[in-house]
Amino acid sequence: MTLAELVASHRVVITTGSGGVGKTTVAASVALWGALAGRRTVVMTIDPARRLATSLGLADLSNTPQPIAPALFAPLGGPPRGSLSAMMLDQKGAWDALVERHAPPEARERILANTFYQHLSQSFAGSHEYMAIEQLCLLADSGEWDLIVVDTPPTRHALDFLEAPQRIDDFLDRKVIQWFVKPYFSAGWSALQAVNRTASFLLKRLEQATGVSALVQISEFFTSMSGLFENFQPRIKRAYEVLRGAETAFVMVAAPEEQVLGDADYLSTKMAELRMPLRGVVLNRVHAEFRAAGEAGDDFGPEQLATVIEAVTRALGDDPVSARHLALNFVDYQTLARGEQLRIEQFRDGLSPGVPVAFVPNFARDVHDLTGLAGMHAHLFPAPRIGPEDIHERR
């Protein structure tokens with residue numbers, strides 16, 4: 001299977017990987033390819049940086065899908081056969097929308113004004129990632145999109161995103177909730193201290209960690225949210241259905257550096273443990289080795305420096321200084337490319353059979369518009385080579 005076949009056969013594509021490897025750019029390019037192929041496509045980024053908006057030619061992004069104006073496709077020959085929209089997760093806005101959708105009407109204002117809720121919706125570990133998955137489920141269930149591309153957070157292993165439903169599920173454990181809504185919590189510290197000195201100490205630390213100055217705020221939060229919590233279990237179940245479903249493909253974006261490939265290997269193992277297996281790989285910013293025609297065995301390394309200098313001198317004429325500088329640069333490039341190829345070969349040996357790998361070169365300029373994104377398609381989705389036997393079969 002190729003990456004093109006993978007994307008074409010899945011409705012949800014989630015890019016994962018270490019920070020700084022080009023996930024956002026790859027996600028945007030994949031989404032553009034889907035739109036050009038005739039699919040109603042939306043790309044969502046969880047990264048608060050402006051890279052996605054910039055690459056799509058937008059001033060900014062909001063928490064709802066924003067269509068890419070047809071005029072922006074003019075350099076590509078006109079509007080796509082499908083459509084392309086983009087959005088950026090607003091964590092606080094997504095939490096507030098969830099409360100508006102699912103909390104009992106009489107409790108909504110109390111929840112939104114609660115100090116502990118405001119902290120939870122903005123700072124709780126895993127909250128940002130869970131709301132991204134909640135938003136993904138809304139997009140998947142809306143029926144409006146043929147292709148949904150998700151750019152995951154710029155964390156080292158992206159495990160926060162993959163483990164977010166379980167974290168929220170653990171946090172909303174029924175026994176914990178029942179403990180927090182006991183009468184002595186709403187009465188305040190004096191009543192709690194009389195009940196249990198150890199609990200008093202632990203919850204004082206909780207207040208210090210969260211910045212919530214009154215225990216009653218925590219108790220009121222859980223009391224007000226009790227009706228909303230009843231709806232969380234089905235949504236967490238739905239989140240796992242989407243993440244582990246047959247319509248979803250995880251595509252890892254990596255670079256050929258040793259540290260990055262080590263992180264990618266670790267993440268791939270963890271994804272398999274979570275039953276979210278890796279379906280495709282994009283190796284970005286790869287330096288290609290040069291091999292002269294008919295000389296496939298030549299590596300052009302440092303030991304061939306004299307030969308390279310001689311060849312460059314012949315090409316440039318009587319300019320030995322420039323020839324030497326160019327030859328040294330070429331040999332350094334070849335050494336870099338050869339090291340990358342060796343690491344890539346080792347990394348590919350650890351992949352499951354059949355996982356497609358696409359190679360994107362190290363471009364001379366940053367990709368910052370639709371034209372640049374479209375330029376990546378030749379590497380992400382190269383046209384299949386046609387041999388004599390294929391021509392014979394088509395006849």
# chains A, B, ... in the order shown; residues from 1 in each chain; ligands from 1
$ residues_around --residues "range 157-162 of chain A" --least-positions-apart "4" --cutoff "7 Å" --atoms "only C-alpha atoms" --output "PyMOL selection string"
chain A and resi 16-18+126+129-130+152-153+263+267
$ residues_around --residues "Asn329 in chain A" --least-positions-apart "2" --cutoff "12 Å" --atoms "only C-alpha atoms" --output "number ranges by chain"
A: 300-302, 305, 308-309, 312, 322-327, 331-336
$ closest_residue --among "A:Arg279, A:His287, A:Lys270, A:His119" --to "Met252 in chain A" --atoms "only C-alpha atoms"
A:Arg279
$ atom_distance --atom1 "CA of Leu3 in chain A" --atom2 "CA of Leu147 in chain A"
14.5 Å
$ closest_residue --among "A:Pro70, A:Pro165, A:Gly262, A:Gly317" --to "Glu241 in chain A" --atoms "only C-alpha atoms"
A:Pro165
$ residues_around --residues "Pro75 in chain A" --least-positions-apart "5" --cutoff "12 Å" --atoms "only C-alpha atoms" --output "ChimeraX atom specification"
/A:57,70,80,369-375
$ residues_around --residues "Arg81 in chain A" --least-positions-apart "6" --cutoff "10 Å" --atoms "only C-alpha atoms" --output "mmCIF file with N, CA and C atoms, in the first residue's frame"
data_model
loop_
_atom_site.group_PDB
_atom_site.id
_atom_site.type_symbol
_atom_site.label_atom_id
_atom_site.label_comp_id
_atom_site.auth_asym_id
_atom_site.auth_seq_id
_atom_site.Cartn_x
_atom_site.Cartn_y
_atom_site.Cartn_z
ATOM 1 N N GLY A 34 -6.397 15.907 -0.412
ATOM 2 C CA GLY A 34 -7.754 15.374 -0.354
ATOM 3 C C GLY A 34 -8.757 16.287 -1.021
ATOM 4 N N ALA A 35 -8.629 17.604 -0.785
ATOM 5 C CA ALA A 35 -9.551 18.561 -1.403
ATOM 6 C C ALA A 35 -9.395 18.573 -2.917
ATOM 7 N N LEU A 36 -8.157 18.547 -3.393
ATOM 8 C CA LEU A 36 -7.922 18.538 -4.840
ATOM 9 C C LEU A 36 -8.468 17.265 -5.487
ATOM 10 N N ALA A 37 -8.520 16.178 -4.695
ATOM 11 C CA ALA A 37 -9.038 14.905 -5.217
ATOM 12 C C ALA A 37 -10.559 14.840 -5.178
ATOM 13 N N GLY A 38 -11.207 15.907 -4.653
ATOM 14 C CA GLY A 38 -12.671 15.948 -4.683
ATOM 15 C C GLY A 38 -13.346 15.650 -3.362
ATOM 16 N N ARG A 39 -12.600 15.599 -2.266
ATOM 17 C CA ARG A 39 -13.205 15.270 -0.970
ATOM 18 C C ARG A 39 -13.480 16.546 -0.170
ATOM 19 N N ARG A 40 -14.567 16.519 0.590
ATOM 20 C CA ARG A 40 -14.869 17.613 1.517
ATOM 21 C C ARG A 40 -13.939 17.431 2.716
#
$ residues_around --residues "Val12 in chain A" --least-positions-apart "4" --cutoff "6 Å" --atoms "only C-alpha atoms" --output "CSV table (one decimal) with C-alpha atoms, in the first residue's frame"
chain,number,residue,atom,x,y,z
A,147,LEU,CA,-11.6,13.6,5.1
A,148,ILE,CA,-10.6,14.9,8.6
A,149,VAL,CA,-6.9,15.6,9.1
A,248,THR,CA,-8.8,6.2,11.2
$ residues_around --residues "Leu112 in chain A" --least-positions-apart "2" --cutoff "12 Å" --atoms "only C-alpha atoms" --output "PyMOL selection string"
chain A and resi 92-93+95-100+103+105-110+114-121+217+220-221+224-225
$ closest_residue --among "A:Ala53, A:Ala86, A:Ala74, A:Val253" --to "Lys23 in chain A" --atoms "only C-alpha atoms"
A:Val253
$ atom_distance --atom1 "CA of Arg338 in chain A" --atom2 "CA of Leu380 in chain A"
21.4 Å
$ atom_distance --atom1 "CA of Thr64 in chain A" --atom2 "CA of Met87 in chain A"
5.6 Å
$ select_by_dssp --residues "range 32-68 of chain A" --states "helix (DSSP H, G or I)" --output "list in words"
Leu32, Trp33, Gly34, Ala35, Leu36, Arg51, Leu52, Ala53, Thr54 and Ser55 of chain A
$ write_last_selection --atoms "C-alpha atoms" --output "compact mmCIF listing (two decimals), in the first residue's frame"
# COMPACT_ATOMS: atom_id res chain seq x y z
CA LEU A 32 -4.97 19.92 0.37
CA TRP A 33 -4.42 16.70 -1.59
CA GLY A 34 -7.75 15.37 -0.35
CA ALA A 35 -9.55 18.56 -1.40
CA LEU A 36 -7.92 18.54 -4.84
CA ARG A 51 1.95 27.63 11.19
CA LEU A 52 -1.22 26.06 9.80
CA ALA A 53 -2.92 29.40 9.18
CA THR A 54 0.20 30.77 7.52
CA SER A 55 0.67 27.79 5.21
